[in-house]
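Shown here: entry_6.txt, compact mmCIF, C-alpha atoms.
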# COMPACT_ATOMS: atom_id res chain seq x y z
CA MET A 1 9.50 10.62 -24.49
CA GLY A 2 10.30 6.90 -24.23
CA ARG A 3 12.35 5.15 -21.58
CA ASN A 4 16.09 4.82 -22.28
CA ARG A 5 16.05 1.19 -23.42
CA SER A 6 19.81 0.89 -23.95
CA ARG A 7 20.44 1.82 -20.34
CA ASP A 8 17.78 -0.64 -19.17
CA ASP A 9 19.22 -3.44 -21.31
CA GLU A 10 22.69 -3.03 -19.80
CA ALA A 11 21.51 -3.35 -16.18
CA PRO A 12 22.01 -6.69 -14.37
CA ARG A 13 18.76 -8.63 -14.24
CA VAL A 14 17.30 -11.35 -12.06
CA ARG A 15 14.51 -13.74 -12.95
CA LEU A 16 11.52 -13.87 -10.59
CA SER A 17 9.44 -16.94 -9.80
CA ASP A 18 6.88 -16.13 -12.51
CA GLY A 19 9.60 -15.74 -15.15
CA THR A 20 9.51 -11.93 -15.15
CA ALA A 21 12.84 -10.11 -15.29
CA ALA A 22 13.70 -7.45 -12.70
CA ALA A 23 16.44 -4.83 -12.87
CA VAL A 24 17.59 -1.71 -11.07
CA VAL A 25 18.30 1.09 -13.55
CA ARG A 26 19.24 4.74 -13.29
CA SER A 27 16.16 6.90 -13.61
CA PRO A 28 16.12 8.59 -17.03
CA PHE A 29 13.84 11.33 -15.67
CA THR A 30 15.30 12.39 -12.31
CA SER A 31 18.07 11.56 -9.84
CA GLY A 32 18.20 8.09 -8.32
CA TYR A 33 17.21 4.65 -9.53
CA GLU A 34 14.12 2.73 -10.57
CA LEU A 35 13.31 -0.89 -9.85
CA MET A 36 11.81 -2.34 -13.03
CA VAL A 37 9.79 -5.56 -12.98
CA GLY A 38 9.09 -6.48 -16.57
CA ASP A 39 8.13 -3.17 -18.17
CA THR A 40 6.63 -1.78 -14.96
CA PRO A 41 8.52 0.71 -12.76
CA GLN A 42 7.85 -0.63 -9.25
CA SER A 43 9.92 1.75 -7.12
CA HIS A 44 12.11 4.84 -7.24
CA VAL A 45 14.98 5.27 -4.77
CA ASP A 46 17.36 8.19 -4.37
CA LEU A 47 20.24 6.96 -2.23
CA GLU A 48 21.54 10.51 -1.76
CA ASP A 49 18.16 11.84 -0.62
CA PRO A 50 15.70 9.32 0.90
CA THR A 51 13.10 12.12 1.21
CA HIS A 52 12.94 12.36 -2.60
CA LEU A 53 9.64 10.54 -3.24
CA HIS A 54 9.46 10.72 -7.02
CA PHE A 55 6.30 8.71 -7.66
CA GLU A 56 3.27 10.84 -6.87
CA TYR A 57 1.33 8.21 -4.94
CA VAL A 58 4.38 7.51 -2.76
CA ALA A 59 4.68 11.23 -1.99
CA ARG A 60 1.03 11.15 -0.86
CA MET A 61 1.81 8.24 1.42
CA GLY A 62 4.71 10.26 2.79
CA ALA A 63 2.37 13.17 3.51
CA VAL A 64 0.19 10.92 5.66
CA ILE A 65 3.16 9.30 7.39
CA ASP A 66 4.49 12.75 8.32
CA GLN A 67 1.36 13.28 10.44
CA LEU A 68 1.81 10.17 12.56
CA ARG A 69 2.77 10.84 16.16
CA LEU A 70 5.08 13.83 16.74
CA PRO A 71 7.42 14.98 13.94
CA GLY A 72 10.51 12.79 13.91
CA GLN A 73 9.16 10.40 16.54
CA PRO A 74 10.07 6.74 15.90
CA ILE A 75 7.22 4.48 14.82
CA THR A 76 6.61 0.78 14.37
CA ALA A 77 5.79 -0.07 10.75
CA VAL A 78 4.97 -3.15 8.67
CA HIS A 79 5.32 -3.06 4.88
CA LEU A 80 3.73 -5.57 2.52
CA GLY A 81 5.40 -5.53 -0.88
CA ALA A 82 7.90 -2.73 -0.39
CA GLY A 83 9.69 -3.10 -3.74
CA ALA A 84 13.00 -1.27 -3.40
CA LEU A 85 11.98 -0.13 0.11
CA THR A 86 11.34 3.52 -0.75
CA ILE A 87 8.95 4.10 2.17
CA PRO A 88 10.99 2.15 4.75
CA ARG A 89 14.05 4.23 3.77
CA TYR A 90 11.98 7.42 4.09
CA ILE A 91 10.81 6.46 7.57
CA ALA A 92 14.31 5.44 8.68
CA HIS A 93 15.61 8.85 7.55
CA THR A 94 12.79 11.07 8.86
CA ARG A 95 12.07 9.05 12.01
CA PRO A 96 15.38 7.56 13.25
CA GLY A 97 14.95 4.65 15.63
CA SER A 98 11.79 3.35 13.94
CA ARG A 99 11.29 -0.42 13.94
CA GLN A 100 10.21 -1.78 10.57
CA GLN A 101 9.27 -5.18 9.18
CA VAL A 102 9.06 -5.83 5.42
CA ILE A 103 7.45 -8.88 3.81
CA GLU A 104 8.64 -9.57 0.25
CA LEU A 105 7.62 -12.57 -1.84
CA GLU A 106 10.63 -12.78 -4.15
CA PRO A 107 14.04 -13.60 -2.61
CA ALA A 108 15.80 -12.82 -5.92
CA LEU A 109 14.23 -9.36 -5.94
CA TRP A 110 15.38 -8.63 -2.41
CA ASP A 111 18.89 -9.88 -3.21
CA LEU A 112 18.99 -7.53 -6.21
CA VAL A 113 17.79 -4.53 -4.20
CA ARG A 114 20.17 -5.26 -1.32
CA GLU A 115 23.12 -5.44 -3.72
CA ARG A 116 22.30 -2.48 -5.98
CA LEU A 117 20.53 -0.21 -3.47
CA PRO A 118 21.94 -1.05 -0.02
CA LEU A 119 20.00 0.05 3.03
CA PRO A 120 21.41 2.88 5.15
CA ARG A 121 23.67 1.73 7.96
CA GLY A 122 21.84 1.49 11.27
CA ALA A 123 18.32 1.31 9.80
CA ALA A 124 16.20 -1.12 11.85
CA ILE A 125 14.53 -2.72 8.82
CA ARG A 126 14.01 -6.49 8.79
CA VAL A 127 13.05 -8.13 5.50
CA ARG A 128 11.13 -11.42 5.64
CA ILE A 129 10.62 -13.56 2.54
CA GLY A 130 7.17 -14.97 1.84
CA ASP A 131 3.61 -14.24 0.78
CA ALA A 132 2.37 -10.95 2.24
CA ARG A 133 -0.83 -12.30 3.74
CA ALA A 134 0.70 -15.49 5.11
CA GLY A 135 3.58 -13.40 6.44
CA LEU A 136 1.23 -11.37 8.62
CA THR A 137 0.60 -14.46 10.75
CA ARG A 138 4.34 -15.09 11.13
CA LEU A 139 5.27 -11.71 12.51
CA PRO A 140 6.31 -11.53 16.18
CA PRO A 141 3.19 -11.83 18.40
CA ALA A 142 4.33 -8.75 20.32
CA LEU A 143 3.45 -6.63 17.26
CA THR A 144 -0.27 -7.40 17.51
CA GLY A 145 -2.08 -4.20 18.40
CA GLN A 146 1.19 -2.21 18.43
CA VAL A 147 1.81 -1.22 14.80
CA ASP A 148 1.59 2.50 14.03
CA LEU A 149 1.64 2.06 10.25
CA LEU A 150 0.87 -0.82 7.91
CA VAL A 151 1.54 -0.23 4.20
CA SER A 152 -0.01 -2.57 1.61
CA ASP A 153 1.61 -2.00 -1.79
CA VAL A 154 1.82 -5.48 -3.31
CA TYR A 155 1.93 -6.01 -7.05
CA ALA A 156 2.46 -9.10 -9.18
CA GLY A 157 3.59 -7.36 -12.34
CA ALA A 158 1.16 -4.43 -12.54
CA GLN A 159 -1.72 -6.03 -10.60
CA THR A 160 -2.55 -6.51 -6.93
CA PRO A 161 -3.14 -10.21 -6.18
CA ALA A 162 -6.76 -11.05 -5.41
CA HIS A 163 -6.14 -12.45 -1.92
CA LEU A 164 -4.79 -9.05 -0.80
CA THR A 165 -7.99 -7.16 -1.66
CA THR A 166 -10.55 -8.80 0.64
CA VAL A 167 -12.31 -8.02 3.90
CA GLU A 168 -10.66 -11.07 5.46
CA PHE A 169 -7.23 -9.75 4.49
CA TYR A 170 -7.92 -6.28 5.86
CA ARG A 171 -9.15 -7.77 9.15
CA GLU A 172 -5.89 -9.68 9.49
CA ALA A 173 -3.92 -6.52 8.73
CA ALA A 174 -5.99 -4.34 11.08
CA ALA A 175 -5.38 -6.76 13.96
CA LEU A 176 -1.75 -5.59 13.99
CA LEU A 177 -2.61 -1.90 14.27
CA ALA A 178 -2.45 0.13 17.44
CA PRO A 179 -5.80 1.77 18.40
CA ASP A 180 -4.84 4.83 16.35
CA GLY A 181 -2.61 3.00 13.85
CA VAL A 182 -3.02 3.71 10.15
CA LEU A 183 -3.37 1.42 7.14
CA LEU A 184 -2.11 2.79 3.82
CA ALA A 185 -3.09 0.89 0.66
CA ASN A 186 -2.02 1.68 -2.88
CA ILE A 187 -4.92 1.06 -5.28
CA ALA A 188 -4.53 1.30 -9.07
CA ASP A 189 -7.63 1.72 -11.23
CA GLY A 190 -8.92 3.24 -14.45
CA ALA A 191 -12.11 4.63 -15.97
CA GLY A 192 -15.14 4.36 -13.71
CA LEU A 193 -13.02 3.37 -10.68
CA ALA A 194 -15.15 0.27 -10.05
CA TYR A 195 -12.28 -1.59 -8.40
CA ALA A 196 -11.27 1.39 -6.21
CA ARG A 197 -14.86 1.95 -5.08
CA ARG A 198 -15.18 -1.66 -3.95
CA GLN A 199 -11.84 -1.47 -2.17
CA VAL A 200 -13.02 1.57 -0.21
CA ALA A 201 -16.26 -0.24 0.62
CA THR A 202 -14.22 -3.24 1.74
CA VAL A 203 -11.70 -1.34 3.88
CA ARG A 204 -14.30 0.66 5.73
CA THR A 205 -16.13 -2.44 6.90
CA VAL A 206 -12.98 -3.05 8.96
CA LEU A 207 -11.69 0.46 9.77
CA ALA A 208 -14.30 3.16 10.29
CA HIS A 209 -12.31 6.22 9.29
CA VAL A 210 -11.25 6.30 5.63
CA VAL A 211 -9.83 8.95 3.32
CA VAL A 212 -8.66 8.66 -0.28
CA LEU A 213 -5.83 10.68 -1.82
CA ALA A 214 -5.35 10.84 -5.58
CA GLU A 215 -4.62 13.05 -8.56
CA VAL A 216 -7.78 14.92 -9.58
CA GLN A 217 -8.10 13.38 -13.06
CA THR A 218 -7.69 9.89 -11.59
CA LEU A 219 -10.47 10.52 -9.07
CA LYS A 220 -12.71 11.66 -11.91
CA GLY A 221 -12.05 8.36 -13.67
CA ARG A 222 -10.47 10.07 -16.68
CA ARG A 223 -7.12 8.27 -16.51
CA PHE A 224 -5.60 5.13 -15.04
CA GLY A 225 -3.73 5.98 -11.88
CA ASN A 226 -2.99 5.32 -8.24
CA LEU A 227 -5.27 6.09 -5.33
CA VAL A 228 -4.01 5.94 -1.75
CA ILE A 229 -6.47 4.69 0.84
CA ALA A 230 -5.68 5.77 4.41
CA ALA A 231 -7.77 4.10 7.09
CA SER A 232 -7.84 3.83 10.86
CA ALA A 233 -10.10 2.86 13.74
CA ALA A 234 -9.50 6.39 15.05
CA PRO A 235 -10.12 9.73 13.30
CA LEU A 236 -7.34 10.59 10.87
CA PRO A 237 -5.37 13.86 11.22
CA THR A 238 -6.20 15.31 7.80
CA GLY A 239 -6.69 19.01 8.50
CA TRP A 240 -3.75 20.31 6.45
CA LEU A 241 -3.72 17.64 3.75
CA PRO A 242 -6.12 19.26 1.24
CA ARG A 243 -3.93 22.37 0.90
CA LEU A 244 -0.81 20.24 0.61
CA MET A 245 -2.34 18.00 -2.05
CA ALA A 246 -3.51 20.97 -4.11
CA ALA A 247 -0.02 22.47 -4.22
CA GLY A 248 1.09 20.35 -7.17
CA PRO A 249 3.02 19.61 -9.28
CA HIS A 250 -0.13 17.76 -10.30
CA PRO A 251 -3.10 18.89 -8.21
CA ALA A 252 -4.47 16.13 -6.03
CA LYS A 253 -7.48 15.81 -3.79
CA VAL A 254 -8.31 14.38 -0.38
CA MET A 255 -11.67 12.64 -0.41
CA GLN A 256 -13.27 12.24 3.01
CA GLY A 257 -16.55 12.29 4.91
CA ARG A 258 -19.64 12.42 2.76
CA GLU A 259 -17.56 12.08 -0.41
CA ILE A 260 -16.34 8.69 0.81
CA ASP A 261 -19.93 7.64 1.51
CA GLU A 262 -20.93 8.58 -2.03
CA PHE A 263 -17.81 7.01 -3.55
CA ALA A 264 -18.38 3.61 -1.91
CA GLY A 265 -22.17 3.80 -2.09
CA THR A 266 -23.85 0.53 -1.25
CA LEU A 267 -21.23 -1.70 -2.85
CA VAL A 268 -20.77 -5.13 -1.32
CA PRO A 269 -17.30 -5.69 0.20
CA VAL A 270 -14.88 -8.03 -1.56
CA THR A 271 -14.46 -11.42 0.13
CA ASP A 272 -12.06 -14.29 -0.35
CA ALA A 273 -14.80 -16.03 -2.34
CA THR A 274 -15.39 -13.13 -4.75
CA ALA A 275 -11.96 -11.50 -5.09
CA ARG A 276 -10.28 -10.73 -8.40
CA PRO A 277 -6.88 -9.11 -9.11
CA SER A 278 -6.79 -5.37 -9.68
CA PRO A 279 -7.24 -4.10 -13.27
CA LYS A 280 -4.22 -4.35 -15.53
CA PRO A 281 -3.06 -1.05 -17.03
CA SER A 282 -2.03 -0.69 -20.65
CA ALA A 283 1.70 -0.90 -21.35
CA SER A 284 1.67 2.69 -22.64
CA LEU A 285 0.92 3.97 -19.14
CA PHE A 286 4.59 3.66 -18.16
CA GLU A 287 5.97 5.52 -21.17
CA HIS A 288 7.10 9.04 -20.33
What is this file in structure tokens?
Amino acid sequence: MGRNRSRDDEAPRVRLSDGTAAAVVRSPFTSGYELMVGDTPQSHVDLEDPTHLHFEYVARMGAVIDQLRLPGQPITAVHLGAGALTIPRYIAHTRPGSRQQVIELEPALWDLVRERLPLPRGAAIRVRIGDARAGLTRLPPALTGQVDLLVSDVYAGAQTPAHLTTVEFYREAAALLAPDGVLLANIADGAGLAYARRQVATVRTVLAHVVVLAEVQTLKGRRFGNLVIAASAAPLPTGWLPRLMAAGPHPAKVMQGREIDEFAGTLVPVTDATARPSPKPSASLFEH
């Protein structure tokens, strides 16, 4: 079934710095709205129910976030490339009192989201405009070593920029984390998972404890999809995740321990000198 193009065409659009058009449209598949950048759905937001995490990889991120600290306890979070702020809204709803910083490159995109999908009243979410990596160095110094959660989900169109895939970048991000803070990174890859394997190898040179969550067919390299890397300097609380991931609607898997060793193998970490953007998916991927 194809996307409802007439509905998309009627939605107000803004032009981003690279010339791409962005719009917020009603989801043709479920309740809520989607942020479209070009032909790529970047975010889904349900204003009536912030716990409705429609995209599967976002729901997996939510499953990890739910394990941080005590249930409902406020956390300190930094988000790189939050799109329509699905995860910040989720945290504000499930963990009232959380302090959150968002770094977004495109001011026009943030203006569009703020107008069409306003943040809940009282949510302590500050949005800063600028490049995600450069923005890390401009955050308040008091955050260094105090961040419970750092989410990296930055896309230019349908690709992660090269400078946000390197060991130098992950070191800069990890410097913000508390001793048991968690990095969550959204990685998109296709057949063979060469890019995802190198990203795992890169992340674990910085943070010793790494797990990967993904739909089973994606992990087998049979389809292009999203993999969530969760990493920390401390052991991750993953005991109940495998059962949760297997519950559906599309069975997923938690890769950890020896599986991570085999997945990353002896691959050389990505550096600023060798980095490339993530693979670009085919346009048909986003047709439902």
Please report, as CSV, each residue of segment 156-216 of chain A lying at most 12 Å from segment 41-50 of chain A, together with the nearest pair of atoms and the separation in Å rounded to one decimal; use only C-alpha atoms, and order rows by chain and ascending residue number.
residue,atom,partner,partner_atom,distance
A:Ala156,CA,A:Gln42,CA,10.0
A:Gly157,CA,A:Gln42,CA,8.5
A:Ala158,CA,A:Gln42,CA,8.4
A:Gln159,CA,A:Gln42,CA,11.1
A:Asn186,CA,A:Gln42,CA,12.0
Worksheet item: Which residue out of A:Val167, A:Leu219, A:Ala178, A:Pro251 has the minimum interatomic distance to Val270 of chain A when all atoms listed in the file are used?
Response: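 Result for the nearest residue to Val270 of chain A: A:Val167.
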Practice prompt. Please work out which residues fall within 8 Å of (9.6, -11.0, 7.4), coordinates as given in the file, with all atoms listed in the file counting, and return them as an NGL selection string.
Written response: :A and (101-104 or 126-130 or 135 or 138-139)
Fill in: Nearest-residue call for Thr165 of chain A, choices A:Lys220, A:Arg243, A:His54, A:Arg276, using only C-alpha atoms
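Among A:Lys220, A:Arg243, A:His54, A:Arg276, it is A:Arg276 that comes nearest to Thr165 of chain A.
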Place a sphere of radius 12 Å on (19.2, -9.2, -15.4) in the file coordinates and name every protein, DNA or RNA residue with an atom inside or on its surface, counting all atoms listed in the file; give the answer as a PDB file with C-alpha atoms, in the coordinates of the input.
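As a result, out00.pdb now contains:
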ATOM      1  CA  ASP A   8      17.780  -0.640 -19.170  1.00  0.00           C
ATOM      2  CA  ASP A   9      19.220  -3.440 -21.310  1.00  0.00           C
ATOM      3  CA  GLU A  10      22.690  -3.030 -19.800  1.00  0.00           C
ATOM      4  CA  ALA A  11      21.510  -3.350 -16.180  1.00  0.00           C
ATOM      5  CA  PRO A  12      22.010  -6.690 -14.370  1.00  0.00           C
ATOM      6  CA  ARG A  13      18.760  -8.630 -14.240  1.00  0.00           C
ATOM      7  CA  VAL A  14      17.300 -11.350 -12.060  1.00  0.00           C
ATOM      8  CA  ARG A  15      14.510 -13.740 -12.950  1.00  0.00           C
ATOM      9  CA  LEU A  16      11.520 -13.870 -10.590  1.00  0.00           C
ATOM     10  CA  GLY A  19       9.600 -15.740 -15.150  1.00  0.00           C
ATOM     11  CA  THR A  20       9.510 -11.930 -15.150  1.00  0.00           C
ATOM     12  CA  ALA A  21      12.840 -10.110 -15.290  1.00  0.00           C
ATOM     13  CA  ALA A  22      13.700  -7.450 -12.700  1.00  0.00           C
ATOM     14  CA  ALA A  23      16.440  -4.830 -12.870  1.00  0.00           C
ATOM     15  CA  VAL A  24      17.590  -1.710 -11.070  1.00  0.00           C
ATOM     16  CA  VAL A  25      18.300   1.090 -13.550  1.00  0.00           C
ATOM     17  CA  LEU A  35      13.310  -0.890  -9.850  1.00  0.00           C
ATOM     18  CA  MET A  36      11.810  -2.340 -13.030  1.00  0.00           C
ATOM     19  CA  VAL A  37       9.790  -5.560 -12.980  1.00  0.00           C
ATOM     20  CA  GLY A  38       9.090  -6.480 -16.570  1.00  0.00           C
ATOM     21  CA  ALA A 108      15.800 -12.820  -5.920  1.00  0.00           C
ATOM     22  CA  LEU A 109      14.230  -9.360  -5.940  1.00  0.00           C
ATOM     23  CA  LEU A 112      18.990  -7.530  -6.210  1.00  0.00           C
ATOM     24  CA  ARG A 116      22.300  -2.480  -5.980  1.00  0.00           C
TER      25      ARG A 116
END
Worksheet item: What does the distance from atom CA of Leu149 of chain A to atom CA of Ala77 of chain A come to in Å, to one decimal?
Response: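 Separating atom CA of Leu149 of chain A from atom CA of Ala77 of chain A is a distance of 4.7 Å.
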As JSON, what would the box around segment 33-42 of chain A look like: edges along x, y and z, 4 Å added on every side, centre and edge lengths in Å to one decimal?
{"center_x": 11.9, "center_y": -0.9, "center_z": -13.7, "size_x": 18.6, "size_y": 19.1, "size_z": 16.9}
Item to complete: Find, counting all atoms listed in the file, the residue in A:Phe55, A:Phe263, A:Tyr155, A:Trp110 that gets nearest to Pro249 of chain A.
Response: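 Distance minimum relative to Pro249 of chain A lands on A:Phe55.
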Worksheet item: Hey, what's within 10 Å of Val210 of chain A if we count only C-alpha atoms and toss same-chain stuff fewer than 5 positions away? As a PyMOL selection string, please?
Response: chain A and resi 182-184+200-201+203-204+229-236+255-257+260-261
Item to complete: Please measure the separation of atom CA of Thr160 of chain A and atom CA of Ser278 of chain A, giving the value in Å to one decimal.
Response: 5.2 Å
Worksheet item: So how many Å separate atom CA of Thr166 of chain A and atom CA of Asp18 of chain A, to one decimal?
Response: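 Here the two named atoms are 23.0 Å from each other.
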Item to complete: Go through A:Val58, A:Leu267, A:Ile187, A:Val254 one by one, measure the shortest atom-to-atom distance of each to Tyr90 of chain A using all atoms listed in the file, and give the residue with the smallest value.
Response: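 Looking at the shortest contact to Tyr90 of chain A, the residue is A:Val58.
Counting only C-alpha atoms, the residue from A:Gly32, A:Gly239, A:Gly97, A:Pro107 that sits nearest to Gly81 of chain A is A:Pro107.
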Worksheet item: Could you name the residues that touch Ala175 of chain A at 8 Å or less, counting all atoms listed in the file, but leaving out those on the same chain fewer than 2 positions away, as an MDAnalysis selection string?
Response: chainID A and resid 144:145 171:173 177
Could you take the residues named above and write them with C-alpha atoms, as an mmCIF file, keeping the file's coordinate frame?
data_model
loop_
_atom_site.group_PDB
_atom_site.id
_atom_site.type_symbol
_atom_site.label_atom_id
_atom_site.label_comp_id
_atom_site.auth_asym_id
_atom_site.auth_seq_id
_atom_site.Cartn_x
_atom_site.Cartn_y
_atom_site.Cartn_z
ATOM 1 C CA THR A 144 -0.270 -7.400 17.510
ATOM 2 C CA GLY A 145 -2.080 -4.200 18.400
ATOM 3 C CA ARG A 171 -9.150 -7.770 9.150
ATOM 4 C CA GLU A 172 -5.890 -9.680 9.490
ATOM 5 C CA ALA A 173 -3.920 -6.520 8.730
ATOM 6 C CA LEU A 177 -2.610 -1.900 14.270
#
